[in-house]
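S.K.: I have a structure here, written as structure tokens, and I will follow up with some questions on it.
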Amino acid sequence: MERELAMELVRVTEFAALKSATWMGRGDKMAADAAATEAMRKMFDTVSMDGTVVIGEGEMDEAPMLYIGERLGTGVQPEVDVAVDPIEGTETVAAGAANSMAVVAIAPKGSLLHAPDMYMDKIAVGRNAKGRVSFRKTVRENLQAVAEANGKDIKDVVAVILDRERHAKLIQEVREAGARIKLIPAGDVAGALYTAFPEKGVDILLGSGGAPEGVLAACALKCLGGELIGRLLPENDEQRRRCEEMGIGDVDHVLELDDLVRGDDAIFSATGITDGELLDGVRFLGNNRARTQTLVMRAKTGTVRFVEAYHNLNLKMGWER
């Protein structure tokens with residue numbers, strides 16, 4: 001893929017973030033999500049690629065746009081797989097809370113996991129601990145392996161976990177192992193990314209979250225040299241059937257990083273919507289101007305860029321409030 005696509009994706013996530021940020025703290029997560037999805041879809045129409053959503057907002061009958069199988073881009077080469085999450089953290093935006101982002105990843109056609117919008121069990125770590133964690137190990141064993149890889153005592157290890165009732169047993173096991181915990185209300189893409197930035201103080205992500213977020217986080221960690229492994233968690237026979245229809249023969253198979261993102265040509269872009277530990281949120285500066293901050297990365301080169309942009313909204317395509 002051409003490197004120019006990286007900046008094209010920045011424009012996509014910036015516009016989604018700008019649109020959704022107008023709904024920050026207004027208590028309407030559906031409106032925020034609709035604004036981000038429509039903006040992302042509109043900006044994709046200008047990107048020079050022939051893309052297909054392989055994991056995104058759901059099935060065609062569940063989502064009006066950015067659904068699995070939808071074609072994106074102007075229709076010219078290259079052919080790419082697309083993973084999208086117009087808002088990671090819709091309730092976060094609605095509440096005006098921290099760490100929501102607009103997120104996109106692309107890779108050459110056939111590279112990204114093609115799966116329904118369902119739950120996935122995940123373990124994510126940074127570069128030092130790559131290859132050291134496994135679903136075959138106990139929680140304690142994984143924490144000890146990460147501690148050794150990062151040159152820490154286990155009591156200094158921090159596990160980031162989504163604050164959900166389903167994680168009660170996992171949280172207890174981490175505490176019994178002697179490690180520390182950072183509970184997050186939403187945003188396990190950001191949580192996985194923390195593991196690759198040592199200054200964020202997070203060593204491992206544990207627990208289940210959305211499969212689209214798992215693929216997006218895997219793209220990001222491939223760019224950063226980290227690792228994410230996953231297991232799909234179908235809740236019923238219908239979800240198992242959909243996995244099989246999408247080419248996943250063994251639904252219970254542990255998905256290694258190269259199963260989630262094949263090759264080394266992925267591009268990842270995330271723009272902050274609300275302030276977070278990784279990215280600043282959108283700032284509306286007055287006089288119809290705004291500021292965004294975006295993280296954009298290419299696995300092929302390992303380049304990591306933080307892009308600070310200032311926008312004249314009077315000149316922004318399709319900008320209305």
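Residue numbering restarts at 1 for every chain of the structure tokens, chains are lettered A, B, ... in their displayed order, and ligands are numbered from 1 as they appear.
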How close does each residue of segment 80-197 of chain A get to segment 213-227 of chain A, giving the shortest atom pair and distance in Å to one decimal for every residue with an atom at most 9 Å away, counting only C-alpha atoms, sorted by chain and residue number, as a tab-separated table?
M.R.:
residue	atom	partner	partner_atom	distance
A:Ala83	CA	A:Leu216	CA	6.4
A:Val84	CA	A:Leu216	CA	7.5
A:Asp85	CA	A:Glu213	CA	7.2
A:Glu88	CA	A:Glu213	CA	8.0
A:Val103	CA	A:Leu216	CA	7.6
A:Val104	CA	A:Leu216	CA	7.0
A:Ala105	CA	A:Leu216	CA	6.1
A:Ile106	CA	A:Cys219	CA	8.2
A:Ala107	CA	A:Cys219	CA	8.6
A:Leu112	CA	A:Val215	CA	7.3
A:Leu113	CA	A:Val215	CA	6.9
A:Met120	CA	A:Gly214	CA	7.0
A:Asp121	CA	A:Gly214	CA	8.6
A:Lys122	CA	A:Gly214	CA	7.2
A:Ile123	CA	A:Glu227	CA	8.1
A:Ala124	CA	A:Glu227	CA	5.6
A:Val125	CA	A:Glu227	CA	5.4
A:Gly126	CA	A:Gly226	CA	4.1
A:Arg127	CA	A:Gly226	CA	4.2
A:Asn128	CA	A:Gly226	CA	7.6
A:Ala129	CA	A:Gly226	CA	7.6
A:Lys130	CA	A:Glu227	CA	5.5
A:Gly131	CA	A:Glu227	CA	7.6
A:Gly187	CA	A:Glu213	CA	8.4
A:Asp188	CA	A:Glu213	CA	7.0
A:Val189	CA	A:Ala217	CA	5.0
A:Ala190	CA	A:Ala217	CA	7.9
A:Gly191	CA	A:Ala217	CA	8.9
A:Ala192	CA	A:Ala217	CA	6.2
A:Leu193	CA	A:Leu221	CA	6.9
A:Thr195	CA	A:Gly226	CA	7.9
A:Ala196	CA	A:Gly226	CA	6.2
A:Phe197	CA	A:Leu224	CA	8.8
S.K.: Which neighbours of segment 288-298 of chain A fall inside 8 Å, counting only C-alpha atoms, when residues of the same chain fewer than 2 positions from it are skipped, and could you give them as a PyMOL selection string?
M.R.: chain A and resi 6-7+10+13-14+18+220+223+265-272+279-286+300-314
S.K.: Just asking: which residues within segment 10-147 of chain A are strand (DSSP E or B) according to DSSP, as number ranges by chain?
M.R.: A: 50-55, 71-72, 79-88, 101-108, 112, 119-125
S.K.: Counting only C-alpha atoms, what is within 12 Å of Thr138 of chain A, bar same-chain residues fewer than 3 positions away, as a list in words?
M.R.: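 Non-adjacent residues within range: Ile123, Val133, Ser134, Phe135, Glu141, Asn142, Leu143, Gln144, Ala145, Leu170, Glu173, Val174, Ala177 and Leu206 of chain A.
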S.K.: Just the number, please: distance in Å from atom CA of Tyr67 of chain A to atom CA of Glu38 of chain A, one decimal.
M.R.: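 Straight-line distance from atom CA of Tyr67 of chain A to atom CA of Glu38 of chain A works out to 11.9 Å.
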S.K.: Per DSSP on the backbone, what are the alpha helix (DSSP H) residues of segment 33-243 of chain A, as a PyMOL selection string?
M.R.: chain A and resi 33-44+90-95+139-149+168-177+188-194+211-224+237-243
S.K.: Taking only C-alpha atoms into account, which of A:Asp28, A:Asp81, A:Asp33, A:Glu165 comes nearest Val53 of chain A?
M.R.: A:Asp81
S.K.: Counting only C-alpha atoms, what is within 12 Å of Gly318 of chain A, bar same-chain residues fewer than 3 positions away, as a PDB file with N, CA and C atoms, in the first residue's frame?
M.R.:
ATOM      1  N   PHE A  15     -12.410  13.549  10.683  1.00  0.00           N
ATOM      2  CA  PHE A  15     -13.761  14.039  10.397  1.00  0.00           C
ATOM      3  C   PHE A  15     -14.785  13.339  11.283  1.00  0.00           C
ATOM      4  N   ALA A  16     -14.609  12.027  11.497  1.00  0.00           N
ATOM      5  CA  ALA A  16     -15.512  11.307  12.391  1.00  0.00           C
ATOM      6  C   ALA A  16     -15.428  11.854  13.809  1.00  0.00           C
ATOM      7  N   LEU A  18     -14.443  14.913  14.763  1.00  0.00           N
ATOM      8  CA  LEU A  18     -15.011  16.260  14.791  1.00  0.00           C
ATOM      9  C   LEU A  18     -16.531  16.216  14.884  1.00  0.00           C
ATOM     10  N   LYS A  19     -17.142  15.371  14.063  1.00  0.00           N
ATOM     11  CA  LYS A  19     -18.602  15.301  14.040  1.00  0.00           C
ATOM     12  C   LYS A  19     -19.160  14.731  15.348  1.00  0.00           C
ATOM     13  N   ALA A  35     -23.458  10.350  13.997  1.00  0.00           N
ATOM     14  CA  ALA A  35     -22.678  11.457  13.447  1.00  0.00           C
ATOM     15  C   ALA A  35     -21.290  10.975  13.014  1.00  0.00           C
ATOM     16  N   GLU A  38     -21.640   8.463   9.869  1.00  0.00           N
ATOM     17  CA  GLU A  38     -21.939   9.167   8.619  1.00  0.00           C
ATOM     18  C   GLU A  38     -20.727   9.957   8.127  1.00  0.00           C
ATOM     19  N   ALA A  39     -20.029  10.615   9.046  1.00  0.00           N
ATOM     20  CA  ALA A  39     -18.855  11.398   8.661  1.00  0.00           C
ATOM     21  C   ALA A  39     -17.746  10.490   8.136  1.00  0.00           C
ATOM     22  N   MET A  40     -17.522   9.372   8.804  1.00  0.00           N
ATOM     23  CA  MET A  40     -16.485   8.443   8.369  1.00  0.00           C
ATOM     24  C   MET A  40     -16.823   7.878   6.995  1.00  0.00           C
ATOM     25  N   LYS A  42     -18.691   9.224   4.659  1.00  0.00           N
ATOM     26  CA  LYS A  42     -18.582  10.281   3.656  1.00  0.00           C
ATOM     27  C   LYS A  42     -17.126  10.538   3.279  1.00  0.00           C
ATOM     28  N   MET A  43     -16.231  10.549   4.255  1.00  0.00           N
ATOM     29  CA  MET A  43     -14.827  10.808   3.962  1.00  0.00           C
ATOM     30  C   MET A  43     -14.179   9.635   3.235  1.00  0.00           C
ATOM     31  N   LEU A 313     -13.467  25.040  10.017  1.00  0.00           N
ATOM     32  CA  LEU A 313     -14.681  24.270   9.767  1.00  0.00           C
ATOM     33  C   LEU A 313     -15.551  24.906   8.682  1.00  0.00           C
ATOM     34  N   ASN A 314     -15.360  26.193   8.434  1.00  0.00           N
ATOM     35  CA  ASN A 314     -16.084  26.857   7.341  1.00  0.00           C
ATOM     36  C   ASN A 314     -15.726  26.222   5.980  1.00  0.00           C
ATOM     37  N   LEU A 315     -14.529  25.651   5.909  1.00  0.00           N
ATOM     38  CA  LEU A 315     -14.065  25.094   4.645  1.00  0.00           C
ATOM     39  C   LEU A 315     -14.110  23.577   4.638  1.00  0.00           C
ATOM     40  N   ARG A 321     -23.715  22.118  11.662  1.00  0.00           N
ATOM     41  CA  ARG A 321     -23.981  21.838  13.072  1.00  0.00           C
ATOM     42  C   ARG A 321     -25.405  22.244  13.398  1.00  0.00           C
TER      43      ARG A 321
END
S.K.: Please indicate the distance in Å from atom CA of Leu255 of chain A to atom CA of His114 of chain A, rounded to one decimal place.
M.R.: 12.0 Å
S.K.: Which is closest to Leu232 of chain A among A:Gly247, A:Gly276, A:Gly178, A:Pro116, if we use only C-alpha atoms?
M.R.: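 The closest residue to Leu232 of chain A is A:Pro116.
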S.K.: If you measure from atom CA of Pro212 of chain A to atom CA of Arg241 of chain A, what distance in Å do you get, rounded to one decimal?
M.R.: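 Result for atom CA of Pro212 of chain A versus atom CA of Arg241 of chain A: 17.9 Å, one decimal.
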S.K.: Please determine, counting only C-alpha atoms, which residue among A:Val12, A:Met30, A:Gly151, A:Asn99 has the shortest atom-to-atom distance to Leu72 of chain A.
M.R.: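 Closest residue, counting only C-alpha atoms: A:Val12.
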S.K.: For a quick check of understanding, using only C-alpha atoms, which of A:Glu148, A:Thr22, A:Asn236, A:Ser111 has the smallest distance to Trp319 of chain A?
M.R.: A:Thr22
